[in-house]
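This is start_36.cif. It holds mmCIF, C-alpha atoms.
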data_data
#
loop_
_atom_site.label_atom_id
_atom_site.label_comp_id
_atom_site.auth_asym_id
_atom_site.auth_seq_id
_atom_site.Cartn_x
_atom_site.Cartn_y
_atom_site.Cartn_z
CA MET A 27 103.66 89.33 97.80
CA SER A 28 104.18 86.52 100.31
CA THR A 29 103.91 86.82 104.08
CA LYS A 30 107.70 87.06 104.16
CA ASN A 31 107.64 89.99 101.73
CA PHE A 32 104.88 91.67 103.76
CA VAL A 33 107.06 91.44 106.87
CA GLU A 34 109.96 92.96 104.93
CA SER A 35 107.79 95.84 103.68
CA ILE A 36 106.56 96.58 107.21
CA ASN A 37 110.16 96.59 108.45
CA ASN A 38 110.71 100.09 107.02
CA ILE A 39 107.74 101.43 108.99
CA VAL A 40 108.96 99.75 112.19
CA GLN A 41 112.38 101.39 111.92
CA GLU A 42 110.86 104.83 111.28
CA ASN A 43 108.52 104.67 114.27
CA LEU A 44 110.95 104.46 117.18
CA ILE A 45 109.72 106.03 120.44
CA SER A 46 111.87 108.05 122.84
CA ASN A 47 110.65 106.15 125.92
CA ASN A 48 112.92 103.14 126.46
CA ASP A 49 110.33 101.04 128.33
CA ILE A 50 107.78 101.44 125.55
CA ASN A 51 110.42 100.70 122.94
CA GLU A 52 110.96 97.35 124.65
CA VAL A 53 107.29 96.54 123.99
CA LYS A 54 107.82 97.58 120.36
CA LYS A 55 110.94 95.44 119.98
CA ASP A 56 109.23 92.42 121.50
CA GLY A 57 106.22 92.90 119.22
CA TRP A 58 108.40 93.17 116.15
CA LYS A 59 110.40 90.06 117.06
CA ARG A 60 107.20 88.06 117.42
CA PHE A 61 105.58 89.40 114.25
CA ARG A 62 108.78 89.00 112.23
CA ASP A 63 108.94 85.35 113.30
CA LEU A 64 105.24 84.59 112.76
CA GLY A 65 104.15 86.89 109.92
CA LEU A 66 100.48 87.40 109.09
CA PRO A 67 97.97 84.90 110.51
CA PRO A 68 97.42 82.10 110.72
CA ASN A 69 100.24 80.07 112.21
CA ASP A 70 100.29 76.72 114.01
CA HIS A 71 99.37 78.32 117.33
CA THR A 72 96.61 80.68 116.13
CA ARG A 73 95.09 78.74 113.25
CA GLU A 74 91.77 78.21 115.05
CA LEU A 75 91.59 81.91 115.96
CA TRP A 76 91.90 82.99 112.31
CA LYS A 77 90.41 79.97 110.52
CA TYR A 78 87.87 82.03 108.54
CA SER A 79 90.17 84.97 107.72
CA ASN A 80 91.72 85.45 104.29
CA PHE A 81 94.90 87.56 104.32
CA SER A 82 95.92 86.86 100.71
CA ASN A 83 94.91 90.32 99.42
CA LEU A 84 96.50 92.06 102.40
CA GLN A 85 99.82 90.36 101.66
CA SER A 86 100.00 92.05 98.25
CA ILE A 87 99.77 95.63 99.53
CA LYS A 88 102.85 97.68 100.31
CA TYR A 89 101.92 100.16 103.01
CA ALA A 90 103.37 103.59 103.57
CA ASN A 91 103.92 105.08 107.01
CA ALA A 92 101.11 107.10 108.54
CA GLU A 93 101.42 110.88 108.47
CA HIS A 94 99.96 113.80 110.41
CA SER A 95 96.86 115.07 108.64
CA ASN A 96 93.99 117.52 109.01
CA PHE A 97 90.36 116.49 108.66
CA ASN A 98 86.79 117.73 108.97
CA LEU A 99 84.41 115.69 111.10
CA GLU A 100 80.89 116.06 109.76
CA GLY A 101 77.54 114.47 110.46
CA ASN A 102 75.55 113.77 113.61
CA LEU A 103 78.51 112.29 115.51
CA ASN A 104 80.06 115.75 115.40
CA ASN A 105 77.43 116.79 117.98
CA LEU A 106 79.23 114.71 120.58
CA ILE A 107 82.14 117.14 120.62
CA GLU A 108 79.98 119.99 121.82
CA ASN A 109 78.27 117.93 124.53
CA THR A 110 81.37 116.42 126.12
CA ALA A 111 84.20 118.28 127.82
CA ASN A 112 86.74 115.51 127.20
CA ASN A 113 87.40 114.86 123.51
CA ILE A 114 90.50 112.93 122.55
CA PHE A 115 91.55 112.66 118.91
CA ILE A 116 93.93 110.02 117.59
CA VAL A 117 94.54 110.76 113.90
CA ASN A 118 96.37 108.17 111.78
CA GLY A 119 97.86 106.82 115.02
CA PHE A 120 99.05 110.23 116.32
CA PHE A 121 97.63 112.04 119.33
CA ASP A 122 96.23 115.35 118.04
CA SER A 123 96.68 117.86 120.87
CA ASN A 124 95.27 120.73 118.82
CA LYS A 125 91.85 119.17 118.32
CA SER A 126 91.72 117.42 121.70
CA ASN A 127 90.34 119.08 124.80
CA PHE A 128 90.00 117.67 128.29
CA THR A 129 89.42 118.84 131.84
CA GLU A 130 91.18 118.12 135.11
CA ASP A 131 88.76 115.23 135.64
CA ILE A 132 91.14 113.06 133.65
CA ILE A 133 94.89 112.90 133.23
CA LEU A 134 96.18 112.35 129.71
CA GLU A 135 99.79 112.03 128.60
CA ASN A 136 101.39 110.54 125.53
CA SER A 137 104.56 108.47 125.42
CA SER A 138 106.85 111.44 124.85
CA ASN A 139 105.46 113.35 127.85
CA LEU A 140 105.02 110.85 130.69
CA GLU A 141 105.16 112.52 134.09
CA LYS A 142 102.09 111.99 136.28
CA LEU A 143 101.32 108.68 134.53
CA ASP A 144 104.86 107.39 134.33
CA TYR A 145 103.81 104.48 136.57
CA LEU A 146 101.53 103.16 133.80
CA LYS A 147 104.30 102.65 131.24
CA SER A 148 105.28 99.32 132.84
CA LEU A 149 101.69 98.11 132.39
CA LEU A 150 101.57 98.75 128.63
CA GLY A 151 101.46 95.37 126.93
CA THR A 152 100.50 93.43 130.07
CA ILE A 153 96.74 93.35 129.32
CA ALA A 154 97.00 93.23 125.51
CA LYS A 155 99.95 90.88 125.20
CA ASN A 156 102.19 90.53 122.16
CA GLU A 157 102.30 86.76 122.56
CA GLU A 158 98.51 86.52 122.34
CA ASN A 159 98.34 86.91 118.56
CA GLU A 160 100.14 88.32 115.56
CA MET A 161 98.07 91.47 115.03
CA ILE A 162 98.52 92.75 118.57
CA ALA A 163 102.24 92.16 118.06
CA LEU A 164 102.05 94.10 114.78
CA ASN A 165 100.32 97.00 116.54
CA SER A 166 103.13 97.10 119.11
CA SER A 167 105.69 97.02 116.31
CA ILE A 168 104.40 100.06 114.43
CA MET A 169 102.63 102.12 117.12
CA ILE A 170 103.74 105.73 116.85
CA ASP A 171 102.34 107.68 119.77
CA PRO A 172 100.79 105.61 122.62
CA VAL A 173 98.40 107.56 124.84
CA PHE A 174 97.85 107.00 128.57
CA ILE A 175 94.64 108.08 130.29
CA SER A 176 93.74 107.96 133.98
CA ILE A 177 90.25 108.71 135.29
CA LYS A 178 90.42 109.72 138.94
CA ASN A 179 87.44 111.99 139.62
CA GLN A 180 85.06 110.21 142.03
CA LYS A 181 82.62 113.08 142.48
CA LYS A 182 80.72 112.79 139.19
CA GLU A 183 80.31 110.69 136.06
CA ASN A 184 83.25 111.16 133.73
CA ALA A 185 82.42 111.44 130.02
CA ILE A 186 85.13 110.83 127.43
CA ASN A 187 85.01 110.66 123.63
CA ILE A 188 87.91 108.90 121.97
CA PHE A 189 87.85 109.65 118.24
CA ILE A 190 90.18 107.41 116.25
CA ILE A 191 90.33 108.87 112.75
CA THR A 192 91.78 107.55 109.51
CA THR A 193 92.16 110.33 106.96
CA ASP A 194 92.33 110.23 103.18
CA GLN A 195 96.00 110.40 102.12
CA LYS A 196 95.44 109.23 98.53
CA LYS A 197 97.67 106.17 99.15
CA GLU A 198 97.54 103.01 101.21
CA PHE A 199 99.04 103.38 104.68
CA SER A 200 98.96 101.58 108.00
CA SER A 201 98.30 103.02 111.44
CA SER A 202 98.30 101.46 114.90
CA PRO A 203 96.56 103.59 117.54
CA ARG A 204 97.48 102.44 121.05
CA LEU A 205 95.85 103.55 124.32
CA PHE A 206 96.08 102.53 127.95
CA ILE A 207 93.08 103.61 130.05
CA GLU A 208 92.91 103.41 133.83
CA ALA A 209 89.54 103.76 135.56
CA SER A 210 90.60 104.39 139.15
CA LYS A 211 88.78 103.15 142.26
CA ASN A 212 85.17 104.23 142.80
CA THR A 213 84.91 106.13 139.51
CA ILE A 214 82.03 106.07 137.03
CA SER A 215 82.92 106.70 133.39
CA ASN A 216 81.11 106.89 130.05
CA ILE A 217 83.68 106.17 127.36
CA ASN A 218 82.84 106.42 123.67
CA GLU A 219 85.25 104.78 121.22
CA ILE A 220 84.43 106.18 117.78
CA TYR A 221 86.31 104.92 114.72
CA ILE A 222 85.79 106.91 111.53
CA ASP A 223 87.54 106.13 108.26
CA LEU A 224 87.46 109.18 105.98
CA SER A 225 89.58 107.64 103.24
CA SER A 226 88.39 106.82 99.76
CA ASP A 227 86.54 103.51 99.33
CA GLU A 228 89.13 102.53 96.72
CA LEU A 229 91.96 102.53 99.28
CA GLN A 230 92.83 99.45 101.31
CA ASN A 231 94.25 101.04 104.44
CA LEU A 232 95.31 98.90 107.38
CA THR A 233 94.25 100.09 110.85
CA ILE A 234 95.03 98.13 114.03
CA PRO A 235 93.78 99.89 117.18
CA VAL A 236 94.66 98.28 120.52
CA LEU A 237 93.16 99.62 123.76
CA GLU A 238 94.01 98.30 127.23
CA TYR A 239 91.56 99.00 130.06
CA LEU A 240 92.40 98.63 133.75
CA ILE A 241 89.14 98.87 135.72
CA ASP A 242 89.94 99.19 139.40
CA ASN A 243 87.95 98.18 142.48
CA SER A 244 84.32 99.37 142.62
CA SER A 245 84.64 101.36 139.39
CA GLU A 246 82.10 101.37 136.59
CA VAL A 247 82.68 101.88 132.87
CA ASN A 248 79.91 102.34 130.31
CA HIS A 249 81.68 101.61 127.04
CA ARG A 250 80.13 102.58 123.70
CA ARG A 251 81.90 101.74 120.46
CA VAL A 252 81.09 102.89 116.89
CA GLN A 253 83.08 101.61 113.90
CA LEU A 254 82.46 103.25 110.51
CA SER A 255 84.86 101.64 108.04
CA SER A 256 85.47 102.52 104.42
CA GLU A 257 84.38 99.88 101.95
CA ASN A 258 87.73 98.20 101.20
CA SER A 259 89.68 98.83 104.39
CA TYR A 260 91.35 96.31 106.68
CA PHE A 261 90.50 96.92 110.31
CA PHE A 262 91.54 94.86 113.34
CA ASN A 263 90.41 96.29 116.69
CA PHE A 264 91.45 94.80 120.04
CA ASP A 265 89.95 95.90 123.37
CA ARG A 266 91.56 94.17 126.33
CA ILE A 267 90.13 94.65 129.82
CA LEU A 268 91.27 93.69 133.31
CA GLN A 269 88.53 94.02 135.93
CA LYS A 270 89.14 94.11 139.67
CA GLU A 271 86.81 93.54 142.63
CA ASN A 272 83.22 94.87 142.38
CA SER A 273 83.92 96.50 139.01
CA LYS A 274 81.34 96.74 136.24
CA LEU A 275 81.76 97.07 132.48
CA THR A 276 78.81 97.58 130.15
CA SER A 277 79.85 97.58 126.50
CA VAL A 278 77.75 98.09 123.35
CA SER A 279 79.11 98.17 119.80
CA PHE A 280 77.93 99.19 116.32
CA SER A 281 80.03 98.25 113.26
CA THR A 282 79.89 98.73 109.53
CA SER A 283 82.42 96.42 107.94
CA GLY A 284 85.27 97.03 105.52
CA GLN A 285 86.84 94.45 103.23
CA LEU A 286 88.08 92.53 106.27
CA SER A 287 87.19 93.71 109.77
CA ARG A 288 87.62 92.13 113.16
CA TYR A 289 86.36 93.28 116.54
CA ASP A 290 88.12 91.36 119.29
CA ILE A 291 87.20 92.18 122.90
CA HIS A 292 88.15 90.24 126.00
CA SER A 293 87.71 90.86 129.70
CA ASP A 294 89.45 89.00 132.49
CA LEU A 295 87.36 89.10 135.66
CA ILE A 296 90.06 88.82 138.32
CA GLY A 297 88.13 90.48 141.17
CA ILE A 298 85.21 88.95 143.05
CA ASN A 299 81.73 90.33 142.25
CA SER A 300 82.89 91.88 138.96
CA GLU A 301 80.62 91.82 135.94
CA CYS A 302 80.73 92.61 132.23
CA THR A 303 78.24 92.89 129.39
CA PHE A 304 79.19 92.74 125.70
CA HIS A 305 76.39 93.56 123.25
CA GLY A 306 76.80 94.53 119.60
CA LEU A 307 75.31 95.06 116.15
CA TYR A 308 77.14 94.79 112.84
CA ILE A 309 76.23 95.21 109.17
CA THR A 310 77.94 93.62 106.16
CA ASP A 311 77.30 93.91 102.42
CA LYS A 312 78.78 92.98 99.03
CA ASP A 313 81.83 90.74 99.60
CA GLN A 314 82.76 92.14 103.00
CA HIS A 315 83.96 89.98 105.87
CA GLN A 316 83.28 90.85 109.53
CA GLU A 317 84.57 88.86 112.50
CA ASN A 318 83.59 89.30 116.14
CA GLU A 319 85.74 87.54 118.72
CA ILE A 320 83.99 88.11 122.07
CA SER A 321 85.43 86.41 125.13
CA THR A 322 85.39 86.53 128.91
CA THR A 323 87.53 84.74 131.48
CA HIS A 324 86.01 84.12 134.89
CA THR A 325 89.08 83.80 137.07
CA VAL A 326 87.38 84.13 140.47
CA GLY A 327 83.94 83.43 141.88
CA LYS A 328 80.69 85.38 142.09
CA CYS A 329 81.17 87.16 138.75
CA SER A 330 78.77 87.50 135.84
CA SER A 331 79.04 88.05 132.09
CA ASP A 332 76.57 88.49 129.25
CA GLN A 333 77.25 88.40 125.51
CA MET A 334 74.71 89.20 122.78
CA PHE A 335 75.53 90.17 119.20
CA LYS A 336 73.26 90.76 116.23
CA GLY A 337 74.33 90.63 112.59
CA ILE A 338 72.67 92.03 109.45
CA LEU A 339 74.18 90.41 106.34
CA ALA A 340 73.52 91.24 102.69
CA GLY A 341 75.12 90.58 99.30
CA LYS A 342 77.83 87.94 99.32
CA SER A 343 79.16 89.02 102.68
CA ARG A 344 80.34 86.72 105.41
CA ALA A 345 80.44 87.14 109.17
CA VAL A 346 81.89 85.19 112.05
CA PHE A 347 80.79 85.28 115.66
CA SER A 348 83.10 83.51 118.06
CA GLY A 349 81.95 83.89 121.63
CA LYS A 350 83.87 82.19 124.39
CA VAL A 351 83.45 82.02 128.13
CA LEU A 352 86.17 80.39 130.20
CA VAL A 353 85.20 79.54 133.78
CA LYS A 354 88.22 78.54 135.82
CA LYS A 355 88.19 76.01 138.64
CA ASP A 356 87.92 78.55 141.45
CA ALA A 357 85.22 80.62 139.74
CA GLN A 358 82.24 79.16 141.62
CA LYS A 359 78.86 80.96 141.58
CA THR A 360 79.57 82.17 138.02
CA LYS A 361 76.74 83.43 135.83
CA ALA A 362 77.49 83.59 132.09
CA PHE A 363 75.18 83.90 129.09
CA GLN A 364 75.77 84.05 125.32
CA LYS A 365 73.48 84.74 122.38
CA ASP A 366 74.17 85.37 118.68
CA LEU A 367 71.32 86.41 116.37
CA ASN A 368 71.71 86.90 112.62
CA PHE A 369 69.46 88.37 109.92
CA LEU A 370 70.42 87.10 106.44
CA LEU A 371 69.13 89.35 103.67
CA SER A 372 70.66 87.48 100.74
CA ARG A 373 70.90 83.86 99.66
CA ASP A 374 74.64 84.32 99.21
CA ALA A 375 75.28 85.80 102.67
CA GLU A 376 76.85 83.45 105.20
CA VAL A 377 77.49 83.47 108.94
CA ASP A 378 79.63 81.11 111.00
CA THR A 379 78.69 81.24 114.66
CA LYS A 380 80.63 79.56 117.44
CA PRO A 381 79.35 80.29 120.93
CA SER A 382 81.26 78.16 123.43
CA LEU A 383 81.53 77.55 127.14
CA GLU A 384 84.62 76.06 128.76
CA ILE A 385 83.75 75.33 132.38
CA TYR A 386 85.97 73.90 135.11
CA ALA A 387 83.82 74.91 138.11
CA ASP A 388 80.77 72.90 139.21
CA ASP A 389 78.52 75.57 140.76
CA VAL A 390 77.66 77.78 137.79
CA GLU A 391 74.73 79.10 135.77
CA CYS A 392 75.70 79.26 132.09
CA SER A 393 73.93 79.09 128.73
CA HIS A 394 74.54 79.84 125.05
CA GLY A 395 72.64 79.89 121.78
CA ALA A 396 72.71 81.11 118.18
CA THR A 397 70.21 81.68 115.37
CA ALA A 398 70.33 82.66 111.70
CA GLY A 399 67.18 83.50 109.76
CA ASN A 400 65.83 85.22 106.66
CA MET A 401 63.18 87.88 106.21
CA ASP A 402 59.83 86.88 107.74
CA LYS A 403 57.64 86.65 104.64
CA ASN A 404 54.43 86.56 106.66
CA MET A 405 55.34 89.75 108.50
CA LEU A 406 56.39 91.37 105.22
CA PHE A 407 53.06 90.39 103.66
CA TYR A 408 51.19 91.73 106.68
CA LEU A 409 52.86 95.12 106.44
CA GLN A 410 52.22 95.31 102.68
CA SER A 411 48.57 94.41 103.25
CA ARG A 412 48.36 97.52 105.44
CA GLY A 413 49.42 99.71 102.53
CA ILE A 414 53.16 99.86 103.23
CA ASP A 415 55.25 99.36 100.09
CA LYS A 416 57.74 96.50 99.97
CA ASP A 417 60.90 98.61 100.35
CA GLU A 418 59.58 100.47 103.38
CA ALA A 419 58.27 97.25 104.94
CA THR A 420 61.66 95.61 104.46
CA SER A 421 63.35 98.62 106.02
CA MET A 422 60.98 98.52 109.00
CA LEU A 423 61.79 94.87 109.71
CA ILE A 424 65.54 95.48 109.50
CA ARG A 425 65.32 98.53 111.76
CA GLY A 426 63.17 96.60 114.21
CA PHE A 427 65.81 93.88 114.43
CA ALA A 428 68.57 96.44 115.06
CA GLN A 429 66.78 98.88 117.36
CA GLU A 430 67.26 96.84 120.54
CA ILE A 431 71.04 97.23 120.34
CA ILE A 432 70.97 100.85 119.15
CA ASP A 433 68.80 101.84 122.11
CA GLU A 434 71.44 100.46 124.47
CA PHE A 435 73.76 103.32 123.52
CA GLU A 436 71.50 105.54 125.66
CA ASP A 437 73.21 108.72 124.42
CA GLU A 438 70.65 110.59 122.32
CA ASN A 439 73.20 112.01 119.88
CA ILE A 440 74.74 108.61 119.19
CA ILE A 441 71.33 106.95 118.82
CA ASN A 442 70.20 109.59 116.30
CA ALA A 443 73.44 109.22 114.35
CA LEU A 444 73.24 105.42 114.26
CA GLU A 445 69.61 105.44 113.20
CA GLU A 446 70.51 107.74 110.30
CA ILE A 447 73.52 105.57 109.35
CA LEU A 448 71.35 102.44 109.45
CA LYS A 449 68.63 104.09 107.35
CA ASN A 450 71.13 105.13 104.68
CA LYS A 451 72.79 101.73 104.76
CA ILE A 452 69.52 99.87 104.27
CA ASN A 453 68.84 101.87 101.09
CA ILE A 454 71.96 100.45 99.39
CA LEU A 455 72.10 96.91 100.81
CA ASP A 456 72.07 94.09 98.27
CA ILE A 457 69.04 92.06 99.43
CA GLN A 458 68.02 90.62 96.06
CA GLY A 459 67.36 86.92 95.83
CA ILE A 460 65.97 86.43 99.31
CA MET A 461 62.27 86.67 98.44
#
Show me the file's structure as structure tokens.
Amino acid sequence: MSTKNFVESINNIVQENLISNNDINEVKKDGWKRFRDLGLPPNDHTRELWKYSNFSNLQSIKYANAEHSNFNLEGNLNNLIENTANNIFIVNGFFDSNKSNFTEDIILENSSNLEKLDYLKSLLGTIAKNEENEMIALNSSIMIDPVFISIKNQKKENAINIFIITTDQKKEFSSSPRLFIEASKNTISNINEIYIDLSSDELQNLTIPVLEYLIDNSSEVNHRRVQLSSENSYFFNFDRILQKENSKLTSVSFSTSGQLSRYDIHSDLIGINSECTFHGLYITDKDQHQENEISTTHTVGKCSSDQMFKGILAGKSRAVFSGKVLVKKDAQKTKAFQKDLNFLLSRDAEVDTKPSLEIYADDVECSHGATAGNMDKNMLFYLQSRGIDKDEATSMLIRGFAQEIIDEFEDENIINALEEILKNKINILDIQGIM
């Protein structure tokens, strides 16, 4: 199936997923026009953005529309539901009101029920823009049930879990969760984005979540993201953030890759004294491909940003880290730092790392760096000489590399869950050929 045929197959889903709100339908129509004209990446305008991505297998799949579905959430992450009053479930792209529960600390409405948050509908698509790239446009084209959230309680820290679930429907389907989240002035929020794919590893589902964050003056967001993909899925996640004066975003991410996964997060610091931190850990194995596009725009002065990602690669997997910091002419007194660290556990694993700084101001403090290394044989030998068998010693070194990022989640339930996921993952990683 060519890109043209893929566009034609998606057309049926687009026509079935019309939304009653006229303003939001305009975003859908614009997204479809752009995707219909451009097709799957890359094109002449986005070739650099997708230069390492291979969409040939994706082109051959004919996707069905997403459907409502029940599911059972098991494992340690299930403990989060009991410890947080605000749990929001998006299942196969639909807002699940039956499983969701939230207090008056937040306001939540979906596109078919906009009343208190009607003013936000005109902002949908202004932070994550259709013209930015093809996959955001595709999300707009086939989104089913956009959700709007406003956090207004200034009296305490607001805790929100956003569970984005893909269920097992025994057939390939596509879903495009879409959320717009407003952190109002002077609020403090802990927001957990948790992506769980419950479908069979044989299925090649396509999931394209897009989340737009508006972080208002003097507000603080602690953003924790967990992505647990099925083995052969296609997953393209876009977080787009607009930060106003004196705002702070601290983001940490943990990802297990599917067949082709991309985490793409960008913050535009448009308010003086705003700051953002993007840290992350990802794991790839077999022939999986994981991309991380991490970028920050310093639009005004006296802002700071920090990027650090760590990758654990095994088998014949491949990863890409593309970190970019743009410092505009008026963004004096900028502080911006980048670091990408990679642990290669197989001779056939490969990482392409591209940290970059684009600076137009002259009074800045900026740096970037990247490393890729194999198992430390001396350290492995040392551990074995102390009576630790090779498998356990290898596991200890991998866990030691990852623990720094896992600890940044701070939430005890999430940390315990991620440590268990990492432990189980290490037991099946293909690390042969490195010693």
A straight line from CA of Arg62 (chain A) to CA of Gln316 (chain A) spans 25.7 Å
Using the chain letters and numbers from this file, what does the PyMOL selection byres ((chain A and resi 155) around 12) select? Give the answer as a VMD selection string. chain A and resid 53 to 54 56 to 57 60 149 to 154 156 to 166 236 to 238 264 to 267 292
Could you write out the selected residues, including C-alpha atoms, as a JSON list (two decimals), in the frame of the given file?
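Listing of result.json after writing:
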[["chain", "number", "residue", "atom", "x", "y", "z"],
["A", 53, "VAL", "CA", 107.29, 96.54, 123.99],
["A", 54, "LYS", "CA", 107.82, 97.58, 120.36],
["A", 56, "ASP", "CA", 109.23, 92.42, 121.50],
["A", 57, "GLY", "CA", 106.22, 92.90, 119.22],
["A", 60, "ARG", "CA", 107.20, 88.06, 117.42],
["A", 149, "LEU", "CA", 101.69, 98.11, 132.39],
["A", 150, "LEU", "CA", 101.57, 98.75, 128.63],
["A", 151, "GLY", "CA", 101.46, 95.37, 126.93],
["A", 152, "THR", "CA", 100.50, 93.43, 130.07],
["A", 153, "ILE", "CA", 96.74, 93.35, 129.32],
["A", 154, "ALA", "CA", 97.00, 93.23, 125.51],
["A", 156, "ASN", "CA", 102.19, 90.53, 122.16],
["A", 157, "GLU", "CA", 102.30, 86.76, 122.56],
["A", 158, "GLU", "CA", 98.51, 86.52, 122.34],
["A", 159, "ASN", "CA", 98.34, 86.91, 118.56],
["A", 160, "GLU", "CA", 100.14, 88.32, 115.56],
["A", 161, "MET", "CA", 98.07, 91.47, 115.03],
["A", 162, "ILE", "CA", 98.52, 92.75, 118.57],
["A", 163, "ALA", "CA", 102.24, 92.16, 118.06],
["A", 164, "LEU", "CA", 102.05, 94.10, 114.78],
["A", 165, "ASN", "CA", 100.32, 97.00, 116.54],
["A", 166, "SER", "CA", 103.13, 97.10, 119.11],
["A", 236, "VAL", "CA", 94.66, 98.28, 120.52],
["A", 237, "LEU", "CA", 93.16, 99.62, 123.76],
["A", 238, "GLU", "CA", 94.01, 98.30, 127.23],
["A", 264, "PHE", "CA", 91.45, 94.80, 120.04],
["A", 265, "ASP", "CA", 89.95, 95.90, 123.37],
["A", 266, "ARG", "CA", 91.56, 94.17, 126.33],
["A", 267, "ILE", "CA", 90.13, 94.65, 129.82],
["A", 292, "HIS", "CA", 88.15, 90.24, 126.00]]
Exercise. Could you expand the PyMOL selection byres ((chain A and resi 390-405) around 7) into the explicit residues it covers here, written as a VMD selection string?
Key: chain A and resid 358 to 371 379 381 387 to 389 406 to 409
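Among the candidates A:Ser281, A:Ser331, A:Ser372, A:Ser259, the one nearest to Asp294 (chain A) when counting all atoms listed in the file is A:Ser331.
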For this session: Please evaluate the PyMOL selection byres ((chain A and resi 248) around 10) against the structure above and give the resulting residues as a ChimeraX atom specification.
Result: /A:185,214-218,246-247,249-250,274-278,302-303,435
Since the input lacks atoms, please generate N, CA and C atoms for region 91-106 of chain A and provide them as a PDB file, in the frame of the given file.
ATOM      1  N   ASN A  91     104.057 104.673 105.622  1.00  0.00           N
ATOM      2  CA  ASN A  91     103.920 105.080 107.010  1.00  0.00           C
ATOM      3  C   ASN A  91     102.799 106.096 107.138  1.00  0.00           C
ATOM      4  N   ALA A  92     102.147 106.101 108.290  1.00  0.00           N
ATOM      5  CA  ALA A  92     101.110 107.100 108.540  1.00  0.00           C
ATOM      6  C   ALA A  92     101.728 108.482 108.702  1.00  0.00           C
ATOM      7  N   GLU A  93     100.948 109.499 108.368  1.00  0.00           N
ATOM      8  CA  GLU A  93     101.420 110.880 108.470  1.00  0.00           C
ATOM      9  C   GLU A  93     100.399 111.724 109.224  1.00  0.00           C
ATOM     10  N   HIS A  94     100.875 112.829 109.809  1.00  0.00           N
ATOM     11  CA  HIS A  94      99.960 113.800 110.410  1.00  0.00           C
ATOM     12  C   HIS A  94      99.047 114.346 109.317  1.00  0.00           C
ATOM     13  N   SER A  95      97.792 114.605 109.665  1.00  0.00           N
ATOM     14  CA  SER A  95      96.860 115.070 108.640  1.00  0.00           C
ATOM     15  C   SER A  95      95.710 115.835 109.282  1.00  0.00           C
ATOM     16  N   ASN A  96      95.184 116.807 108.568  1.00  0.00           N
ATOM     17  CA  ASN A  96      93.990 117.520 109.010  1.00  0.00           C
ATOM     18  C   ASN A  96      92.747 116.819 108.475  1.00  0.00           C
ATOM     19  N   PHE A  97      91.600 117.114 109.084  1.00  0.00           N
ATOM     20  CA  PHE A  97      90.360 116.490 108.660  1.00  0.00           C
ATOM     21  C   PHE A  97      89.196 117.343 109.131  1.00  0.00           C
ATOM     22  N   ASN A  98      88.034 117.095 108.540  1.00  0.00           N
ATOM     23  CA  ASN A  98      86.790 117.730 108.970  1.00  0.00           C
ATOM     24  C   ASN A  98      85.813 116.631 109.365  1.00  0.00           C
ATOM     25  N   LEU A  99      85.364 116.679 110.607  1.00  0.00           N
ATOM     26  CA  LEU A  99      84.410 115.690 111.100  1.00  0.00           C
ATOM     27  C   LEU A  99      83.005 116.245 110.911  1.00  0.00           C
ATOM     28  N   GLU A 100      82.225 115.582 110.073  1.00  0.00           N
ATOM     29  CA  GLU A 100      80.890 116.060 109.760  1.00  0.00           C
ATOM     30  C   GLU A 100      79.858 115.020 110.208  1.00  0.00           C
ATOM     31  N   GLY A 101      78.600 115.390 110.129  1.00  0.00           N
ATOM     32  CA  GLY A 101      77.540 114.470 110.460  1.00  0.00           C
ATOM     33  C   GLY A 101      77.105 114.560 111.914  1.00  0.00           C
ATOM     34  N   ASN A 102      76.151 113.696 112.280  1.00  0.00           N
ATOM     35  CA  ASN A 102      75.550 113.770 113.610  1.00  0.00           C
ATOM     36  C   ASN A 102      76.546 113.466 114.724  1.00  0.00           C
ATOM     37  N   LEU A 103      77.542 112.619 114.469  1.00  0.00           N
ATOM     38  CA  LEU A 103      78.510 112.290 115.510  1.00  0.00           C
ATOM     39  C   LEU A 103      79.303 113.522 115.933  1.00  0.00           C
ATOM     40  N   ASN A 104      79.358 114.520 115.059  1.00  0.00           N
ATOM     41  CA  ASN A 104      80.060 115.750 115.400  1.00  0.00           C
ATOM     42  C   ASN A 104      79.414 116.451 116.603  1.00  0.00           C
ATOM     43  N   ASN A 105      78.126 116.172 116.852  1.00  0.00           N
ATOM     44  CA  ASN A 105      77.430 116.790 117.980  1.00  0.00           C
ATOM     45  C   ASN A 105      78.007 116.343 119.322  1.00  0.00           C
ATOM     46  N   LEU A 106      78.661 115.209 119.336  1.00  0.00           N
ATOM     47  CA  LEU A 106      79.230 114.710 120.580  1.00  0.00           C
ATOM     48  C   LEU A 106      80.307 115.647 121.116  1.00  0.00           C
TER      49      LEU A 106
END
